[in-house]
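Dropping input_14.txt in here (compact mmCIF, C-alpha atoms (C1' of nucleotides)):
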```
# COMPACT_ATOMS: atom_id res chain seq x y z
CA MET C 1 34.69 28.96 31.46
CA PRO C 2 37.51 27.93 33.75
CA VAL C 3 37.42 29.35 37.24
CA ASP C 4 40.63 29.37 39.18
CA ASP C 5 40.00 31.35 42.28
CA GLN C 6 37.44 32.68 44.70
CA ASP C 7 36.23 35.70 42.80
CA GLY C 8 35.46 33.90 39.59
CA THR C 9 38.28 35.30 37.53
CA THR C 10 40.97 33.41 35.69
CA PRO C 11 44.64 34.23 36.06
CA GLY C 12 44.44 35.36 32.47
CA SER C 13 41.67 37.87 32.97
CA ALA C 14 43.50 39.22 36.00
CA TRP C 15 46.53 39.55 33.79
CA THR C 16 44.51 41.44 31.20
CA SER C 17 43.34 43.97 33.77
CA ARG C 18 46.78 44.37 35.18
CA ALA C 19 48.34 44.82 31.76
CA LEU C 20 45.80 47.44 30.71
CA ALA C 21 46.25 49.28 34.00
CA GLU C 22 50.01 49.15 33.73
CA LEU C 23 49.98 50.64 30.24
CA THR C 24 47.67 53.44 31.28
CA ALA C 25 49.78 54.15 34.33
CA ARG C 26 52.82 54.48 32.13
CA GLY C 27 51.14 56.87 29.75
CA TYR C 28 50.45 54.49 26.90
CA ARG C 29 47.13 54.75 25.17
CA ALA C 30 44.65 51.93 24.88
CA GLY C 31 44.66 51.62 21.11
CA GLU C 32 42.36 49.16 19.47
CA ALA C 33 44.98 46.69 18.28
CA ARG C 34 46.97 46.76 21.50
CA THR C 35 43.87 46.26 23.62
CA ALA C 36 42.73 43.39 21.45
CA VAL C 37 46.11 41.70 21.78
CA ILE C 38 46.06 42.06 25.55
CA GLU C 39 42.56 40.68 25.85
CA LEU C 40 43.35 37.78 23.61
CA LEU C 41 46.50 36.88 25.51
CA GLY C 42 44.65 36.99 28.81
CA ALA C 43 41.90 34.79 27.43
CA GLU C 44 44.28 32.28 25.89
CA GLY C 45 46.69 32.23 28.79
CA GLY C 46 49.84 32.78 26.80
CA CYS C 47 52.13 30.41 24.93
CA LEU C 48 51.24 31.98 21.59
CA GLU C 49 53.29 32.97 18.60
CA ALA C 50 52.86 36.38 17.06
CA ASP C 51 51.15 34.74 14.15
CA ASP C 52 48.73 32.86 16.38
CA VAL C 53 47.71 36.14 17.92
CA ALA C 54 47.14 37.78 14.56
CA ALA C 55 45.22 34.77 13.26
CA ARG C 56 42.92 34.51 16.27
CA LEU C 57 42.17 38.18 16.20
CA ARG C 58 41.22 37.86 12.57
CA LEU C 59 38.81 35.07 13.51
CA GLN C 60 37.16 37.45 15.94
CA ASP C 61 36.87 40.14 13.28
CA LYS C 62 39.20 42.28 15.28
CA ARG C 63 41.53 43.27 12.53
CA ALA C 64 44.97 44.06 13.87
CA GLY C 65 47.86 44.59 11.52
CA THR C 66 50.89 42.38 11.79
CA ALA C 67 53.04 45.31 12.76
CA SER C 68 50.72 46.27 15.57
CA VAL C 69 50.67 42.76 16.94
CA TYR C 70 54.45 42.63 16.99
CA ARG C 71 54.61 46.08 18.51
CA ALA C 72 52.17 45.15 21.24
CA LEU C 73 54.07 41.99 22.07
CA ALA C 74 57.37 43.83 22.15
CA LEU C 75 56.01 46.53 24.41
CA LEU C 76 54.45 44.07 26.81
CA SER C 77 57.71 42.15 26.98
CA GLU C 78 59.61 45.33 27.63
CA LEU C 79 57.30 46.21 30.49
CA GLY C 80 57.70 42.78 32.01
CA LEU C 81 54.14 41.70 31.37
CA LEU C 82 55.07 39.05 28.86
CA HIS C 83 58.01 36.77 28.55
CA LYS C 84 59.36 36.13 25.09
CA VAL C 85 60.50 32.57 24.63
CA ALA C 86 62.72 31.96 21.62
CA LEU C 87 63.32 28.33 20.88
CA ALA C 88 66.05 27.17 18.52
CA ASP C 89 63.76 26.87 15.55
CA GLY C 90 60.62 28.62 14.55
CA PRO C 91 59.05 31.83 15.75
CA ALA C 92 59.15 33.17 19.29
CA ARG C 93 56.33 32.52 21.70
CA PHE C 94 55.00 34.67 24.46
CA GLU C 95 54.06 33.66 27.99
CA LEU C 96 52.09 35.64 30.51
CA VAL C 97 54.13 36.94 33.40
CA LEU C 98 52.04 36.48 36.52
CA PRO C 99 52.40 38.66 39.61
CA ASP C 100 53.09 35.77 41.97
CA GLY C 101 56.28 35.07 40.05
CA GLU C 102 55.07 31.63 39.07
CA HIS C 103 56.69 30.59 35.88
CA HIS C 104 57.76 27.53 34.01
CA HIS C 105 60.23 26.33 31.45
CA HIS C 106 60.01 24.01 28.49
CA ILE C 107 61.04 20.63 27.29
CA VAL C 108 61.09 20.33 23.52
CA CYS C 109 60.99 17.04 21.69
CA ASP C 110 63.61 17.17 18.98
CA GLY C 111 61.76 14.42 17.19
CA CYS C 112 58.31 15.91 16.74
CA GLY C 113 58.72 19.43 18.05
CA ARG C 114 56.15 18.98 20.79
CA THR C 115 56.73 21.22 23.79
CA VAL C 116 55.69 20.63 27.37
CA ALA C 117 56.08 22.90 30.34
CA PHE C 118 57.63 22.10 33.67
CA SER C 119 58.65 23.95 36.76
CA ASP C 120 61.20 22.98 39.34
CA PRO C 121 62.02 24.79 42.58
CA SER C 122 65.56 23.50 42.92
CA LEU C 123 66.37 24.68 39.44
CA GLU C 124 65.07 28.11 40.37
CA ARG C 125 67.17 28.09 43.50
CA ALA C 126 70.27 27.25 41.49
CA VAL C 127 69.58 30.12 39.13
CA HIS C 128 69.08 32.54 41.98
CA ALA C 129 72.32 31.43 43.56
CA ILE C 130 74.11 32.31 40.33
CA SER C 131 72.42 35.68 40.27
CA ASP C 132 74.09 36.48 43.56
CA GLN C 133 77.52 35.58 42.25
CA THR C 134 77.66 37.63 39.10
CA SER C 135 78.18 41.33 38.51
CA PHE C 136 75.18 41.30 36.21
CA LEU C 137 71.83 42.35 37.57
CA ILE C 138 69.90 39.24 36.61
CA GLU C 139 66.31 39.92 35.65
CA ALA C 140 65.17 36.81 33.87
CA HIS C 141 66.21 33.40 32.71
CA ASP C 142 65.35 31.05 29.91
CA ILE C 143 65.74 27.34 30.34
CA THR C 144 64.90 24.84 27.64
CA LEU C 145 65.54 21.15 27.82
CA HIS C 146 65.84 19.14 24.62
CA GLY C 147 65.11 15.49 24.31
CA ILE C 148 62.94 12.81 22.82
CA CYS C 149 59.39 12.38 24.00
CA GLU C 150 57.87 9.04 24.89
CA ASP C 151 56.03 8.74 21.60
CA CYS C 152 59.14 9.41 19.54
CA GLN C 153 61.18 6.98 21.65
CA ALA C 154 58.65 4.27 20.86
CA GLY C 155 58.14 5.01 17.18
CA MET V 156 99.65 30.22 19.52
CA PRO V 157 97.88 29.24 22.73
CA VAL V 158 98.95 25.97 24.26
CA ASP V 159 96.60 24.31 26.68
CA ASP V 160 97.96 20.92 27.38
CA GLN V 161 100.99 18.69 27.37
CA ASP V 162 101.13 17.78 23.74
CA GLY V 163 100.97 21.28 22.41
CA THR V 164 97.44 21.13 21.07
CA THR V 165 94.53 23.36 21.91
CA PRO V 166 91.11 22.01 22.82
CA GLY V 167 90.03 23.50 19.53
CA SER V 168 92.52 21.67 17.39
CA ALA V 169 91.66 18.45 19.18
CA TRP V 170 88.06 19.17 18.35
CA THR V 171 88.95 19.71 14.71
CA SER V 172 90.65 16.32 14.51
CA ARG V 173 87.82 14.63 16.27
CA ALA V 174 85.22 16.25 14.06
CA LEU V 175 87.02 15.31 10.87
CA ALA V 176 87.49 11.75 12.10
CA GLU V 177 83.87 11.48 13.15
CA LEU V 178 82.64 12.59 9.74
CA THR V 179 84.87 10.14 7.96
CA ALA V 180 83.81 7.34 10.27
CA ARG V 181 80.20 8.07 9.44
CA GLY V 182 80.80 8.03 5.72
CA TYR V 183 80.74 11.75 5.08
CA ARG V 184 83.30 13.16 2.70
CA ALA V 185 85.79 15.83 3.57
CA GLY V 186 84.63 18.45 1.12
CA GLU V 187 86.49 21.71 0.89
CA ALA V 188 83.87 23.95 2.46
CA ARG V 189 83.03 21.55 5.25
CA THR V 190 86.68 21.02 6.12
CA ALA V 191 87.31 24.74 6.13
CA VAL V 192 84.39 25.32 8.48
CA ILE V 193 85.62 22.64 10.85
CA GLU V 194 89.16 23.99 10.89
CA LEU V 195 87.95 27.50 11.46
CA LEU V 196 85.69 26.51 14.34
CA GLY V 197 88.48 24.58 15.99
CA ALA V 198 90.83 27.52 15.63
CA GLU V 199 88.33 30.05 16.93
CA GLY V 200 87.01 27.88 19.70
CA GLY V 201 83.35 28.29 18.91
CA CYS V 202 80.82 30.93 19.85
CA LEU V 203 80.43 32.02 16.25
CA GLU V 204 77.44 32.90 14.16
CA ALA V 205 77.02 31.37 10.73
CA ASP V 206 77.84 34.71 9.24
CA ASP V 207 81.04 35.06 11.28
CA VAL V 208 82.17 31.74 9.91
CA ALA V 209 81.46 32.74 6.34
CA ALA V 210 83.13 36.13 6.79
CA ARG V 211 86.29 34.73 8.35
CA LEU V 212 86.64 32.11 5.68
CA ARG V 213 86.37 34.83 3.08
CA LEU V 214 89.22 36.69 4.80
CA GLN V 215 91.31 33.56 4.45
CA ASP V 216 90.47 33.28 0.76
CA LYS V 217 88.72 30.03 1.49
CA ARG V 218 85.55 30.71 -0.37
CA ALA V 219 82.67 28.76 1.09
CA GLY V 220 79.15 29.45 -0.02
CA THR V 221 76.60 30.52 2.54
CA ALA V 222 74.61 27.38 1.96
CA SER V 223 77.62 25.17 2.60
CA VAL V 224 78.42 26.97 5.83
CA TYR V 225 74.90 26.48 7.08
CA ARG V 226 74.91 22.88 5.95
CA ALA V 227 78.17 22.18 7.71
CA LEU V 228 76.96 23.78 10.92
CA ALA V 229 73.70 21.86 10.79
CA LEU V 230 75.46 18.56 10.19
CA LEU V 231 77.94 19.12 12.99
CA SER V 232 75.10 19.99 15.35
CA GLU V 233 73.22 16.90 14.31
CA LEU V 234 76.23 14.72 15.02
CA GLY V 235 76.66 16.28 18.42
CA LEU V 236 79.93 18.02 17.61
CA LEU V 237 78.48 21.49 17.87
CA HIS V 238 75.83 22.98 20.04
CA LYS V 239 73.51 25.48 18.45
CA VAL V 240 72.61 28.30 20.81
CA ALA V 241 69.62 30.38 19.79
CA LEU V 242 69.19 33.54 21.80
CA ALA V 243 66.01 35.56 21.75
CA ASP V 244 67.27 38.02 19.20
CA GLY V 245 69.66 37.73 16.33
CA PRO V 246 71.20 34.75 14.66
CA ALA V 247 72.12 31.44 16.28
CA ARG V 248 75.59 30.79 17.51
CA PHE V 249 77.55 27.60 17.62
CA GLU V 250 79.68 26.26 20.45
CA LEU V 251 82.16 23.41 20.32
CA VAL V 252 81.03 20.29 22.12
CA LEU V 253 84.05 18.94 23.95
CA PRO V 254 84.47 15.26 24.78
CA ASP V 255 84.86 15.83 28.52
CA GLY V 256 81.31 17.12 28.62
CA GLU V 257 82.47 20.51 29.81
CA HIS V 258 80.02 23.12 28.76
CA HIS V 259 78.79 26.50 29.77
CA HIS V 260 75.79 28.75 29.51
CA HIS V 261 75.32 32.43 28.84
CA ILE V 262 74.38 35.65 30.50
CA VAL V 263 73.18 38.26 28.05
CA CYS V 264 73.10 41.96 28.84
CA ASP V 265 69.75 43.28 27.67
CA GLY V 266 71.27 46.73 27.58
CA CYS V 267 74.21 46.29 25.24
CA GLY V 268 73.81 42.73 24.03
CA ARG V 269 77.14 41.61 25.44
CA THR V 270 77.28 37.95 26.31
CA VAL V 271 79.44 36.22 28.88
CA ALA V 272 79.75 32.55 29.62
CA PHE V 273 79.41 30.84 32.96
CA SER V 274 79.20 27.33 34.26
CA ASP V 275 77.73 26.10 37.49
CA PRO V 276 77.75 22.57 38.85
CA SER V 277 74.67 22.91 41.03
CA LEU V 278 72.69 24.16 38.07
CA GLU V 279 73.81 21.11 36.12
CA ARG V 280 72.81 18.87 39.00
CA ALA V 281 69.35 20.43 39.08
CA VAL V 282 68.93 19.84 35.37
CA HIS V 283 69.99 16.24 35.68
CA ALA V 284 67.56 15.70 38.52
CA ILE V 285 64.77 16.88 36.24
CA SER V 286 65.95 14.56 33.50
CA ASP V 287 65.30 11.65 35.83
CA GLN V 288 61.77 12.78 36.56
CA THR V 289 60.40 13.22 33.07
CA SER V 290 59.31 10.73 30.47
CA PHE V 291 61.42 12.57 27.93
CA LEU V 292 64.88 11.30 27.18
CA ILE V 293 66.77 14.52 27.87
CA GLU V 294 69.77 15.02 25.65
CA ALA V 295 70.65 18.67 26.02
CA HIS V 296 69.70 21.87 27.73
CA ASP V 297 69.94 25.55 26.99
CA ILE V 298 70.12 28.04 29.80
CA THR V 299 70.37 31.76 29.25
CA LEU V 300 70.25 34.38 31.95
CA HIS V 301 69.19 37.90 31.07
CA GLY V 302 70.21 40.97 32.96
CA ILE V 303 72.11 44.22 32.94
CA CYS V 304 75.88 44.21 32.92
CA GLU V 305 77.98 46.37 35.22
CA ASP V 306 78.71 48.92 32.52
CA CYS V 307 75.06 49.35 31.61
CA GLN V 308 74.09 49.60 35.28
CA ALA V 309 76.55 52.46 35.66
CA GLY V 310 75.74 54.28 32.43
C1' DA R 311 96.80 6.30 -11.94
C1' DG R 312 92.05 6.72 -14.21
C1' DA R 313 87.07 6.32 -14.37
C1' DG R 314 82.73 6.15 -12.38
C1' DT R 315 79.46 7.41 -8.87
C1' DA R 316 77.42 9.76 -5.51
C1' DA R 317 78.24 13.35 -2.27
C1' DA R 318 79.40 18.17 -1.70
C1' DT R 319 79.37 22.67 -3.36
C1' DG R 320 77.81 27.47 -4.53
C1' DA R 321 75.02 31.02 -6.80
C1' DG R 322 70.95 32.62 -6.48
C1' DA R 323 66.12 32.19 -5.56
C1' DA R 324 62.85 31.33 -2.05
C1' DG R 325 61.05 31.30 2.46
C1' DG R 326 59.69 32.76 7.07
C1' DA R 327 59.78 35.89 10.82
C1' DT R 328 60.21 40.32 12.18
C1' DT R 329 60.90 45.29 11.70
C1' DC R 330 60.51 49.59 9.29
C1' DT R 331 58.10 53.50 6.78
C1' DC R 332 54.82 56.68 6.54
C1' DA R 333 50.30 58.30 5.61
C1' DT R 334 46.02 57.82 8.12
C1' DT R 335 43.24 57.20 12.25
C1' DA R 336 42.11 57.19 17.01
C1' DT R 337 42.90 58.39 21.89
C1' DC R 338 43.06 61.33 25.72
C1' DG R 339 43.88 65.74 28.24
C1' DT R 340 42.00 70.21 28.20
C1' DA D 341 34.48 69.08 20.88
C1' DC D 342 39.49 70.21 19.70
C1' DG D 343 44.16 69.53 19.11
C1' DA D 344 48.40 67.27 19.94
C1' DT D 345 50.38 63.15 19.45
C1' DA D 346 50.35 58.26 20.04
C1' DA D 347 48.76 54.15 17.66
C1' DT D 348 47.63 51.87 13.60
C1' DG D 349 48.07 49.15 9.23
C1' DA D 350 49.48 48.18 4.46
C1' DG D 351 53.19 47.07 2.34
C1' DA D 352 58.06 47.37 1.62
C1' DA D 353 62.29 46.08 3.53
C1' DT D 354 65.46 43.36 6.21
C1' DC D 355 67.57 39.66 8.29
C1' DC D 356 68.52 34.87 8.83
C1' DT D 357 68.12 30.54 6.96
C1' DT D 358 66.89 26.93 3.69
C1' DC D 359 66.07 25.27 -0.90
C1' DT D 360 67.09 24.29 -5.93
C1' DC D 361 69.81 22.56 -9.23
C1' DA D 362 73.64 22.60 -12.30
C1' DT D 363 78.48 21.89 -11.55
C1' DT D 364 82.45 20.27 -9.15
C1' DT D 365 84.77 17.20 -6.11
C1' DA D 366 86.10 13.28 -3.22
C1' DC D 367 86.42 8.72 -2.59
C1' DT D 368 86.13 3.66 -4.36
C1' DC D 369 87.12 0.32 -7.43
C1' DT D 370 89.74 -1.23 -11.04
```

Rewrite the structure of this file - the entire thing - as structure tokens.
Amino acid sequence: MPVDDQDGTTPGSAWTSRALAELTARGYRAGEARTAVIELLGAEGGCLEADDVAARLRLQDKRAGTASVYRALALLSELGLLHKVALADGPARFELVLPDGEHHHHIVCDGCGRTVAFSDPSLERAVHAISDQTSFLIEAHDITLHGICEDCQAG
Amino acid sequence: MPVDDQDGTTPGSAWTSRALAELTARGYRAGEARTAVIELLGAEGGCLEADDVAARLRLQDKRAGTASVYRALALLSELGLLHKVALADGPARFELVLPDGEHHHHIVCDGCGRTVAFSDPSLERAVHAISDQTSFLIEAHDITLHGICEDCQAG
DNA sequence: AGAGTAAATGAGAAGGATTCTCATTATCGT
DNA sequence: ACGATAATGAGAATCCTTCTCATTTACTCT
């Protein structure tokens, strides 16, 4: 089991606790499907499609209807606990939103569809500078780079 | 009729000519539906959904089957004449790719769904800096900011 | 100009992802 | 424990997009 900090918890398990607490605080109930989704996401660390979530829960014999999975993901996104990432093709994926604000973006290979994450402070600074210039109240940003990965360049 | 430069053409009509020429040069035929899509996009200046394109062609009595519209849009994107923009919700939209490389990104209001365009040189610089650091051959990037527009902040 | 060939088209079916409906079940405050 | 009501899940429905395939069309070569 991966250990990432001093008290033996992973960022994911911390996220799970925080998400459950947040829902309770807001008056939502800890239903079986919703709780299962939250625990799974914390354990997996995010970057899952709705279908992945449903499939993995089925493997654990935690039946959770498709609708409930989608509902849970939508609610968590709405509350700012998840970030929905919609790439040009295929289903949306969901990333954990961590309290330290750490987040990343994606580079997608248009050849094979492989996705890798990256983060870049100067890119973040540029985005924040724009936030200050617009009349919109900017709350989030999606950045996806498209290109050809090393393997596809070779082949 | 809007006039944007010295010879009385719009960027859109220039795009139309370029697109038609490019297709011919690559051995594609100027079929009726494809040509109609290209002319419409040039006239409208982009930022259309597949369905918008189909609907507007219908208004002009230029029948073009749904499949042909999608095929035309996909081909133009593949050839680098259009840029497909997939936002988190709803259908993809298509922007003209202009030869001077000018392009913009979008801010979406999560309240009302309204979208506005912006462009920012320092953001572009940051993206290009990343391109130099990765093993991917970066060919494009999508950037979407999410926030609340002035109207929705007030209401 | 006319014929031949392969590309382009369009109607409709199919597909995939997501949302909706609504009867049933489970949660939480009292 | 009880009751109000939120959450659930099966399946239908919806939306966007792609596929299939018979027909039409555009371009090339005489």

Give me the chain V side of the contact with chain C, cut-off 8 Å, one line per residue showing its nearest atom pair and distance in Å at one decimal, counting only C-alpha atoms, sorted by chain and residue number, as a tab-separated table.
```
residue	atom	partner	partner_atom	distance
V:Lys239	CA	C:Ala88	CA	7.6
V:Val240	CA	C:Ala88	CA	7.0
V:Ala241	CA	C:Ala88	CA	5.0
V:Leu242	CA	C:Ala86	CA	6.7
V:Ala243	CA	C:Ala86	CA	4.9
V:Asp244	CA	C:Ala86	CA	8.0
V:Ala247	CA	C:Ala88	CA	7.8
V:Cys264	CA	C:Phe136	CA	7.7
V:Asp275	CA	C:Ile130	CA	7.7
V:Ser277	CA	C:Ala126	CA	6.2
V:Leu278	CA	C:Ala126	CA	5.2
V:Ala281	CA	C:Leu123	CA	5.2
V:Val282	CA	C:Leu123	CA	6.8
V:Ile285	CA	C:Asp120	CA	7.7
V:Ser290	CA	C:Glu150	CA	6.0
V:Phe291	CA	C:Cys149	CA	4.4
V:Leu292	CA	C:Ile148	CA	5.0
V:Ile293	CA	C:Gly147	CA	4.0
V:Glu294	CA	C:Gly147	CA	4.9
V:Ala295	CA	C:His146	CA	5.0
V:His296	CA	C:Leu145	CA	4.2
V:Asp297	CA	C:Thr144	CA	5.1
V:Ile298	CA	C:Ile143	CA	4.5
V:Thr299	CA	C:Asp142	CA	5.1
V:Leu300	CA	C:His141	CA	4.2
V:His301	CA	C:Ala140	CA	5.0
V:Gly302	CA	C:Ile138	CA	4.1
V:Ile303	CA	C:Leu137	CA	5.0
V:Cys304	CA	C:Phe136	CA	4.4
V:Glu305	CA	C:Phe136	CA	5.9
V:Gln308	CA	C:Leu137	CA	7.9
```

Using only C-alpha atoms, please write the residues we just selected to a file, as a tab-separated table (two decimals), in the frame of the given file.
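Full text of result36.tsv as output:
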```tsv
chain	number	residue	atom	x	y	z
V	239	LYS	CA	73.51	25.48	18.45
V	240	VAL	CA	72.61	28.30	20.81
V	241	ALA	CA	69.62	30.38	19.79
V	242	LEU	CA	69.19	33.54	21.80
V	243	ALA	CA	66.01	35.56	21.75
V	244	ASP	CA	67.27	38.02	19.20
V	247	ALA	CA	72.12	31.44	16.28
V	264	CYS	CA	73.10	41.96	28.84
V	275	ASP	CA	77.73	26.10	37.49
V	277	SER	CA	74.67	22.91	41.03
V	278	LEU	CA	72.69	24.16	38.07
V	281	ALA	CA	69.35	20.43	39.08
V	282	VAL	CA	68.93	19.84	35.37
V	285	ILE	CA	64.77	16.88	36.24
V	290	SER	CA	59.31	10.73	30.47
V	291	PHE	CA	61.42	12.57	27.93
V	292	LEU	CA	64.88	11.30	27.18
V	293	ILE	CA	66.77	14.52	27.87
V	294	GLU	CA	69.77	15.02	25.65
V	295	ALA	CA	70.65	18.67	26.02
V	296	HIS	CA	69.70	21.87	27.73
V	297	ASP	CA	69.94	25.55	26.99
V	298	ILE	CA	70.12	28.04	29.80
V	299	THR	CA	70.37	31.76	29.25
V	300	LEU	CA	70.25	34.38	31.95
V	301	HIS	CA	69.19	37.90	31.07
V	302	GLY	CA	70.21	40.97	32.96
V	303	ILE	CA	72.11	44.22	32.94
V	304	CYS	CA	75.88	44.21	32.92
V	305	GLU	CA	77.98	46.37	35.22
V	308	GLN	CA	74.09	49.60	35.28
```

Between CA of Ala64 (chain C) and CA of Ala33 (chain C), what is the spacing in Å?
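Distance reported for this atom pair: 5.1 Å.
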
Could you produce a table of the residues of chain C lying within 8 Å of chain R, with the nearest pair of atoms per residue and their separation in Å rounded to one decimal, using all atoms listed in the file, ordered by chain and increasing residue number, as JSON lines?
```
{"residue": "C:Arg29", "atom": "CA", "partner": "R:DT337", "partner_atom": "C1'", "distance": 6.5}
{"residue": "C:Ala30", "atom": "CA", "partner": "R:DT337", "partner_atom": "C1'", "distance": 7.3}
{"residue": "C:Gly31", "atom": "CA", "partner": "R:DT337", "partner_atom": "C1'", "distance": 7.0}
{"residue": "C:Ala67", "atom": "CA", "partner": "R:DT329", "partner_atom": "C1'", "distance": 7.9}
{"residue": "C:Tyr70", "atom": "CA", "partner": "R:DT328", "partner_atom": "C1'", "distance": 7.9}
{"residue": "C:Pro91", "atom": "CA", "partner": "R:DA327", "partner_atom": "C1'", "distance": 6.4}
```

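The gap separating CA of Tyr183 (chain V) from CA of Leu230 (chain V) is 10.0 Å, in Å to one decimal.
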
Work out how far CA of Arg213 (chain V) is from CA of Leu175 (chain V), in Å to one decimal.
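Taking CA of Leu175 (chain V) as the start and CA of Arg213 (chain V) as the end point, the length is 21.0 Å.
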
Within 12 Å of chain V, which residues of chain D are there when counting all atoms listed in the file? Please give them as an mmCIF file with C-alpha atoms (C1' of nucleotides), in the frame of the given file.
```cif
data_model
loop_
_atom_site.group_PDB
_atom_site.id
_atom_site.type_symbol
_atom_site.label_atom_id
_atom_site.label_comp_id
_atom_site.auth_asym_id
_atom_site.auth_seq_id
_atom_site.Cartn_x
_atom_site.Cartn_y
_atom_site.Cartn_z
ATOM 1 C "C1'" DC D 355 67.570 39.660 8.290
ATOM 2 C "C1'" DC D 356 68.520 34.870 8.830
ATOM 3 C "C1'" DT D 357 68.120 30.540 6.960
ATOM 4 C "C1'" DT D 358 66.890 26.930 3.690
ATOM 5 C "C1'" DC D 359 66.070 25.270 -0.900
ATOM 6 C "C1'" DT D 360 67.090 24.290 -5.930
ATOM 7 C "C1'" DT D 364 82.450 20.270 -9.150
ATOM 8 C "C1'" DT D 365 84.770 17.200 -6.110
ATOM 9 C "C1'" DA D 366 86.100 13.280 -3.220
ATOM 10 C "C1'" DC D 367 86.420 8.720 -2.590
#
```

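For the choices C:Gly155, C:Gly113, C:Gly101, C:Gly65, the atom-to-atom distance to DA347 (chain D) is smallest for C:Gly65 when using all atoms listed in the file.
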
Listed atoms of region 75-82 of chain C, axis-aligned box, 8 Å per side: centre and edge lengths to one decimal in Å, as AutoDock Vina command-line options?
```
--center_x 56.9 --center_y 42.8 --center_z 28.2 --size_x 21.5 --size_y 23.5 --size_z 23.6
```
